[in-house]
Amino acid sequence: MVAKYGSIALPQTLAQKIIAHASGQETVTPGEIVVAKVDLAMIHDSGGPRRVKPILDHLGTNVWDPDSVVVVTDHYVPVFNNETRAIQKLTREWVAAQNIGAFYDQMGICHVVVPENGHLAPGMFVVGGDSHSPTGGAFGAYMFGIGATEMAGVLATGEIWIKVPETILVDWSGTLQHMVTAKDMMLHACGQLGMDGGGYQAVEYTGNVITDLNMQDRMTLSNMTAELGGQAGLIAPDKTTAAYIKDAGGPEIDVSLWQTSAGATLGAHHMFDADSLIPQVAAPHSPANTQPIDTFKEVKTDIAYIGACTGAKLSDLRMAAQILKGRSLRSKLLVAPSSKADQEKATDEGLMAIFEDAGATILPNSCGICAGYGADRLDEDVTCISSTARNFQGRMGANSSQVYLGSPFTVAASAITGRITDPREFGDLK
């Protein structure tokens, strides 16, 4: 898609192409404000029906298209008091009243459940009621998080206004070392660019390293665009994308339609070298506090947590199991697979048995302590190494708790030694 002004052709970024399509225009320009039609709206139990129902009731309207709404219960799972029980009951009743068919009740975290059920495809314009909604960008969809008031407007009208963003290109070249992962890439980017490095613009990840990643690792990159401060985290679709979507029951796609055109104007272009990257760790209380793992080798850990949409997908569980197989723990290990489907696959592959044999505690398929919910929140003065995306003070429990972030490899290695440990110390694993 090319914008034409007189005889001058102006190429468009992937973000511009998707927004132009959603707004019914041939082209759009960064800074322009347009009204876009929403292809899909995703909400969960925390910020969903309990927030939007009163607004829609006040307006006297229902959702604009029940087939374009997905609802997932993942935050208040399992219920642990009367309040959360009431929230889940309200969610189920509202879904039934609105005739919403795509309802995933206690099936896992929304950012994993939605794509694994074939709801996302390249070129889609999608909103989600959660800050980590940029995960959908891994599929070439423009997906971003909005608040409950905006979501109520979308549910009532099927539209939302958006200021067309500039695109920040994050370009990874080279080759990742053994046991260096997409999580390490994102932690490094957060450390280098800061939490406003995305400038609430569209971030697009590119380069041969990105092409070599599987879809779940790409989801980690797009997910943590929120930690860079970006609105959307896009990866142009390719044959890997098409194969995943087909396997998930989604449509056949033409990946050539949704690519950033050569010569498109960028807001910034950041170059990163995978050859020199080693495992990374973020210190409390920000993902921007990232340094190479050796900086933290003296930090002792009480708890190791493999969980959340960023750190407990099937690909993440495979990483952790490689380290843990046949070994015992010095730190308490909590494992919360990000979806029921991924846990079932992990069980079939023998991964869950590895975790159990090591002495891990298996938690429900939910956001859990990553979002600060449930009975397993961190106690006072606990030090935790976690595969989650965020380590803000008090987010996962007591304000005095200290949360360090690392890859699943790093979390598993640290659980074995009782200190933050470079997983490459277990270099015999292939």
# chains A, B, ... in the order shown; residues from 1 in each chain; ligands from 1
$ residues_around --residues "Gly129 in chain A" --least-positions-apart "2" --cutoff "12 Å" --atoms "only C-alpha atoms" --output "MDAnalysis selection string"
chainID A and resid 40:49 51:52 69:72 110:111 126:127 131:134 143:152 154:155
$ write_last_selection --atoms "N, CA and C atoms" --output "mmCIF file, in the first residue's frame"
data_model
loop_
_atom_site.group_PDB
_atom_site.id
_atom_site.type_symbol
_atom_site.label_atom_id
_atom_site.label_comp_id
_atom_site.auth_asym_id
_atom_site.auth_seq_id
_atom_site.Cartn_x
_atom_site.Cartn_y
_atom_site.Cartn_z
ATOM 1 N N LEU A 40 -12.161 -7.105 16.589
ATOM 2 C CA LEU A 40 -12.318 -7.991 17.742
ATOM 3 C C LEU A 40 -12.057 -7.200 19.015
ATOM 4 N N ALA A 41 -12.884 -7.434 20.031
ATOM 5 C CA ALA A 41 -12.674 -6.858 21.354
ATOM 6 C C ALA A 41 -12.515 -7.987 22.356
ATOM 7 N N MET A 42 -11.452 -7.918 23.156
ATOM 8 C CA MET A 42 -11.183 -8.952 24.149
ATOM 9 C C MET A 42 -11.271 -8.349 25.545
ATOM 10 N N ILE A 43 -12.030 -8.988 26.442
ATOM 11 C CA ILE A 43 -12.105 -8.540 27.822
ATOM 12 C C ILE A 43 -11.954 -9.735 28.762
ATOM 13 N N HIS A 44 -11.543 -9.449 29.992
ATOM 14 C CA HIS A 44 -11.429 -10.510 30.985
ATOM 15 C C HIS A 44 -12.238 -10.162 32.234
ATOM 16 N N ASP A 45 -12.197 -11.055 33.196
ATOM 17 C CA ASP A 45 -13.057 -10.919 34.366
ATOM 18 C C ASP A 45 -12.715 -9.726 35.240
ATOM 19 N N SER A 46 -11.458 -9.298 35.246
ATOM 20 C CA SER A 46 -11.080 -8.191 36.126
ATOM 21 C C SER A 46 -11.599 -6.851 35.616
ATOM 22 N N GLY A 47 -11.318 -6.542 34.357
ATOM 23 C CA GLY A 47 -11.732 -5.247 33.823
ATOM 24 C C GLY A 47 -12.906 -5.321 32.874
ATOM 25 N N GLY A 48 -13.567 -6.494 32.801
ATOM 26 C CA GLY A 48 -14.610 -6.714 31.807
ATOM 27 C C GLY A 48 -16.019 -6.425 32.276
ATOM 28 N N PRO A 49 -16.888 -7.428 32.307
ATOM 29 C CA PRO A 49 -18.304 -7.207 32.591
ATOM 30 C C PRO A 49 -18.586 -6.384 33.841
ATOM 31 N N ARG A 51 -17.059 -3.969 34.949
ATOM 32 C CA ARG A 51 -16.788 -2.560 34.660
ATOM 33 C C ARG A 51 -17.677 -2.014 33.543
ATOM 34 N N VAL A 52 -17.856 -2.809 32.481
ATOM 35 C CA VAL A 52 -18.560 -2.280 31.308
ATOM 36 C C VAL A 52 -20.071 -2.445 31.395
ATOM 37 N N VAL A 69 -16.640 -10.404 19.964
ATOM 38 C CA VAL A 69 -16.202 -10.211 21.345
ATOM 39 C C VAL A 69 -15.720 -11.547 21.912
ATOM 40 N N VAL A 70 -14.583 -11.513 22.581
ATOM 41 C CA VAL A 70 -14.043 -12.674 23.282
ATOM 42 C C VAL A 70 -13.924 -12.323 24.757
ATOM 43 N N VAL A 71 -14.393 -13.223 25.625
ATOM 44 C CA VAL A 71 -14.310 -13.022 27.070
ATOM 45 C C VAL A 71 -13.541 -14.185 27.687
ATOM 46 N N VAL A 72 -12.610 -13.843 28.571
ATOM 47 C CA VAL A 72 -11.776 -14.850 29.225
ATOM 48 C C VAL A 72 -11.775 -14.585 30.732
ATOM 49 N N CYS A 110 -5.682 -14.664 29.075
ATOM 50 C CA CYS A 110 -6.307 -14.185 27.838
ATOM 51 C C CYS A 110 -5.319 -14.025 26.692
ATOM 52 N N HIS A 111 -4.121 -13.536 26.961
ATOM 53 C CA HIS A 111 -3.160 -13.249 25.895
ATOM 54 C C HIS A 111 -2.629 -14.511 25.227
ATOM 55 N N VAL A 126 -7.599 -4.705 16.657
ATOM 56 C CA VAL A 126 -8.126 -5.381 17.844
ATOM 57 C C VAL A 126 -7.847 -4.548 19.091
ATOM 58 N N VAL A 127 -8.818 -4.512 19.996
ATOM 59 C CA VAL A 127 -8.609 -3.878 21.289
ATOM 60 C C VAL A 127 -8.760 -4.913 22.388
ATOM 61 N N SER A 131 -3.414 -4.268 29.702
ATOM 62 C CA SER A 131 -2.245 -3.548 29.199
ATOM 63 C C SER A 131 -1.306 -4.408 28.373
ATOM 64 N N HIS A 132 -1.362 -5.734 28.532
ATOM 65 C CA HIS A 132 -0.488 -6.601 27.736
ATOM 66 C C HIS A 132 -1.140 -7.080 26.446
ATOM 67 N N SER A 133 -2.193 -6.392 26.041
ATOM 68 C CA SER A 133 -2.854 -6.726 24.780
ATOM 69 C C SER A 133 -1.957 -6.609 23.548
ATOM 70 N N PRO A 134 -0.856 -5.844 23.567
ATOM 71 C CA PRO A 134 0.032 -5.847 22.402
ATOM 72 C C PRO A 134 0.546 -7.225 21.996
ATOM 73 N N MET A 143 -3.071 -4.675 17.822
ATOM 74 C CA MET A 143 -3.824 -4.928 19.050
ATOM 75 C C MET A 143 -3.228 -4.116 20.179
ATOM 76 N N PHE A 144 -4.093 -3.421 20.914
ATOM 77 C CA PHE A 144 -3.607 -2.559 21.987
ATOM 78 C C PHE A 144 -4.610 -2.540 23.135
ATOM 79 N N GLY A 145 -4.132 -2.142 24.303
ATOM 80 C CA GLY A 145 -4.959 -2.133 25.492
ATOM 81 C C GLY A 145 -5.688 -0.827 25.691
ATOM 82 N N ILE A 146 -6.917 -0.923 26.196
ATOM 83 C CA ILE A 146 -7.715 0.257 26.510
ATOM 84 C C ILE A 146 -8.389 0.051 27.861
ATOM 85 N N GLY A 147 -8.864 1.152 28.461
ATOM 86 C CA GLY A 147 -9.540 1.097 29.743
ATOM 87 C C GLY A 147 -11.008 0.730 29.601
ATOM 88 N N ALA A 148 -11.669 0.583 30.755
ATOM 89 C CA ALA A 148 -13.049 0.100 30.754
ATOM 90 C C ALA A 148 -14.008 1.079 30.089
ATOM 91 N N THR A 149 -13.794 2.380 30.264
ATOM 92 C CA THR A 149 -14.704 3.354 29.651
ATOM 93 C C THR A 149 -14.600 3.305 28.131
ATOM 94 N N GLU A 150 -13.379 3.259 27.633
ATOM 95 C CA GLU A 150 -13.187 3.128 26.183
ATOM 96 C C GLU A 150 -13.755 1.806 25.685
ATOM 97 N N MET A 151 -13.550 0.748 26.466
ATOM 98 C CA MET A 151 -14.051 -0.558 26.047
ATOM 99 C C MET A 151 -15.573 -0.554 25.969
ATOM 100 N N ALA A 152 -16.227 0.119 26.900
ATOM 101 C CA ALA A 152 -17.688 0.205 26.842
ATOM 102 C C ALA A 152 -18.124 0.895 25.559
ATOM 103 N N VAL A 154 -16.459 0.889 22.713
ATOM 104 C CA VAL A 154 -16.246 -0.073 21.631
ATOM 105 C C VAL A 154 -17.359 -1.108 21.603
ATOM 106 N N LEU A 155 -17.710 -1.636 22.761
ATOM 107 C CA LEU A 155 -18.746 -2.670 22.816
ATOM 108 C C LEU A 155 -20.098 -2.141 22.346
#
$ select_by_dssp --residues "range 267-313 of chain A" --states "strand (DSSP E)" --output "ChimeraX atom specification"
/A:268-273,280-282,290-292,303-307
$ write_last_selection --atoms "N, CA and C atoms" --output "PDB file, in the first residue's frame"
ATOM      1  N   ALA A 268      11.795   6.013  14.694  1.00  0.00           N
ATOM      2  CA  ALA A 268      13.126   5.665  15.195  1.00  0.00           C
ATOM      3  C   ALA A 268      13.467   4.271  14.697  1.00  0.00           C
ATOM      4  N   HIS A 269      14.749   3.978  14.672  1.00  0.00           N
ATOM      5  CA  HIS A 269      15.215   2.666  14.224  1.00  0.00           C
ATOM      6  C   HIS A 269      16.336   2.238  15.160  1.00  0.00           C
ATOM      7  N   HIS A 270      16.071   1.236  16.010  1.00  0.00           N
ATOM      8  CA  HIS A 270      17.047   0.756  16.981  1.00  0.00           C
ATOM      9  C   HIS A 270      17.621  -0.575  16.509  1.00  0.00           C
ATOM     10  N   MET A 271      18.940  -0.676  16.534  1.00  0.00           N
ATOM     11  CA  MET A 271      19.625  -1.880  16.095  1.00  0.00           C
ATOM     12  C   MET A 271      20.197  -2.622  17.307  1.00  0.00           C
ATOM     13  N   PHE A 272      19.936  -3.928  17.385  1.00  0.00           N
ATOM     14  CA  PHE A 272      20.476  -4.755  18.462  1.00  0.00           C
ATOM     15  C   PHE A 272      21.198  -5.961  17.872  1.00  0.00           C
ATOM     16  N   ASP A 273      22.271  -6.378  18.572  1.00  0.00           N
ATOM     17  CA  ASP A 273      23.108  -7.482  18.117  1.00  0.00           C
ATOM     18  C   ASP A 273      22.902  -8.684  19.020  1.00  0.00           C
ATOM     19  N   GLN A 280      19.885 -11.959  30.711  1.00  0.00           N
ATOM     20  CA  GLN A 280      19.633 -10.671  31.341  1.00  0.00           C
ATOM     21  C   GLN A 280      18.733 -10.840  32.568  1.00  0.00           C
ATOM     22  N   VAL A 281      18.883  -9.948  33.535  1.00  0.00           N
ATOM     23  CA  VAL A 281      18.024  -9.923  34.717  1.00  0.00           C
ATOM     24  C   VAL A 281      17.663  -8.478  35.029  1.00  0.00           C
ATOM     25  N   ALA A 282      16.389  -8.254  35.365  1.00  0.00           N
ATOM     26  CA  ALA A 282      15.926  -6.932  35.780  1.00  0.00           C
ATOM     27  C   ALA A 282      15.794  -6.910  37.291  1.00  0.00           C
ATOM     28  N   THR A 290      17.544  -3.440  34.040  1.00  0.00           N
ATOM     29  CA  THR A 290      18.128  -4.673  33.502  1.00  0.00           C
ATOM     30  C   THR A 290      19.629  -4.541  33.324  1.00  0.00           C
ATOM     31  N   GLN A 291      20.320  -5.595  33.724  1.00  0.00           N
ATOM     32  CA  GLN A 291      21.762  -5.698  33.562  1.00  0.00           C
ATOM     33  C   GLN A 291      22.097  -7.144  33.183  1.00  0.00           C
ATOM     34  N   PRO A 292      23.288  -7.393  32.655  1.00  0.00           N
ATOM     35  CA  PRO A 292      23.705  -8.779  32.420  1.00  0.00           C
ATOM     36  C   PRO A 292      23.640  -9.594  33.711  1.00  0.00           C
ATOM     37  N   ILE A 303      12.062 -17.673  46.393  1.00  0.00           N
ATOM     38  CA  ILE A 303      11.025 -18.237  45.536  1.00  0.00           C
ATOM     39  C   ILE A 303      11.411 -18.050  44.079  1.00  0.00           C
ATOM     40  N   ALA A 304      11.161 -19.063  43.274  1.00  0.00           N
ATOM     41  CA  ALA A 304      11.289 -18.964  41.816  1.00  0.00           C
ATOM     42  C   ALA A 304       9.895 -19.177  41.233  1.00  0.00           C
ATOM     43  N   TYR A 305       9.487 -18.263  40.349  1.00  0.00           N
ATOM     44  CA  TYR A 305       8.119 -18.303  39.821  1.00  0.00           C
ATOM     45  C   TYR A 305       8.145 -18.383  38.305  1.00  0.00           C
ATOM     46  N   ILE A 306       7.637 -19.486  37.770  1.00  0.00           N
ATOM     47  CA  ILE A 306       7.470 -19.634  36.333  1.00  0.00           C
ATOM     48  C   ILE A 306       5.978 -19.507  36.061  1.00  0.00           C
ATOM     49  N   GLY A 307       5.574 -18.356  35.567  1.00  0.00           N
ATOM     50  CA  GLY A 307       4.160 -18.086  35.371  1.00  0.00           C
ATOM     51  C   GLY A 307       3.949 -16.892  34.472  1.00  0.00           C
TER      52      GLY A 307
END
$ atom_distance --atom1 "CA of Lys345 in chain A" --atom2 "CA of Asn223 in chain A"
22.0 Å
$ closest_residue --among "A:Leu314, A:Val209, A:Ala86, A:Ile109" --to "Leu277 in chain A" --atoms "only C-alpha atoms"
A:Val209
$ closest_residue --among "A:Met219, A:Leu187, A:Ile210, A:Ala358" --to "Asp316 in chain A" --atoms "only C-alpha atoms"
A:Met219
$ closest_atom_pairs --of "range 240-275 of chain A" --to "range 21-35 of chain A" --cutoff "12 Å" --atoms "only C-alpha atoms" --output "tab-separated table"
residue	atom	partner	partner_atom	distance
A:Leu257	CA	A:His21	CA	11.4
A:Trp258	CA	A:His21	CA	10.8
A:Ala264	CA	A:Thr29	CA	11.1
A:Thr265	CA	A:Pro30	CA	9.4
A:Leu266	CA	A:Pro30	CA	9.7
A:Gly267	CA	A:Pro30	CA	9.4
$ residues_around --residues "Cys309 in chain A" --least-positions-apart "3" --cutoff "10 Å" --atoms "only C-alpha atoms" --output "PyMOL selection string"
chain A and resi 108-113+132+135+216+219-220+223-224+312-313+316+336-339+365-367+370+387-389
$ select_by_dssp --residues "range 60-305 of chain A" --states "helix (DSSP H, G or I)" --output "MDAnalysis selection string"
chainID A and resid 66:68 82:97 110:116 133:139 148:157 182:193 208:212 215:223 225:228 239:247 255:257 274:276 293:296
$ closest_residue --among "A:Ile160, A:Met179, A:Leu228, A:Ala371" --to "Tyr200 in chain A" --atoms "only C-alpha atoms"
A:Leu228
$ closest_residue --among "A:Glu204, A:Glu356, A:Glu166, A:Asp171" --to "Ala236 in chain A" --atoms "only C-alpha atoms"
A:Glu204
$ atom_distance --atom1 "CA of Lys332 in chain A" --atom2 "CA of Lys183 in chain A"
21.8 Å
$ residues_around --residues "Gly140 in chain A" --least-positions-apart "4" --cutoff "7 Å" --atoms "only C-alpha atoms" --output "list in words"
Ala121, Pro122, Gly123, Leu234, Ile235, Ala236 and Pro237 of chain A
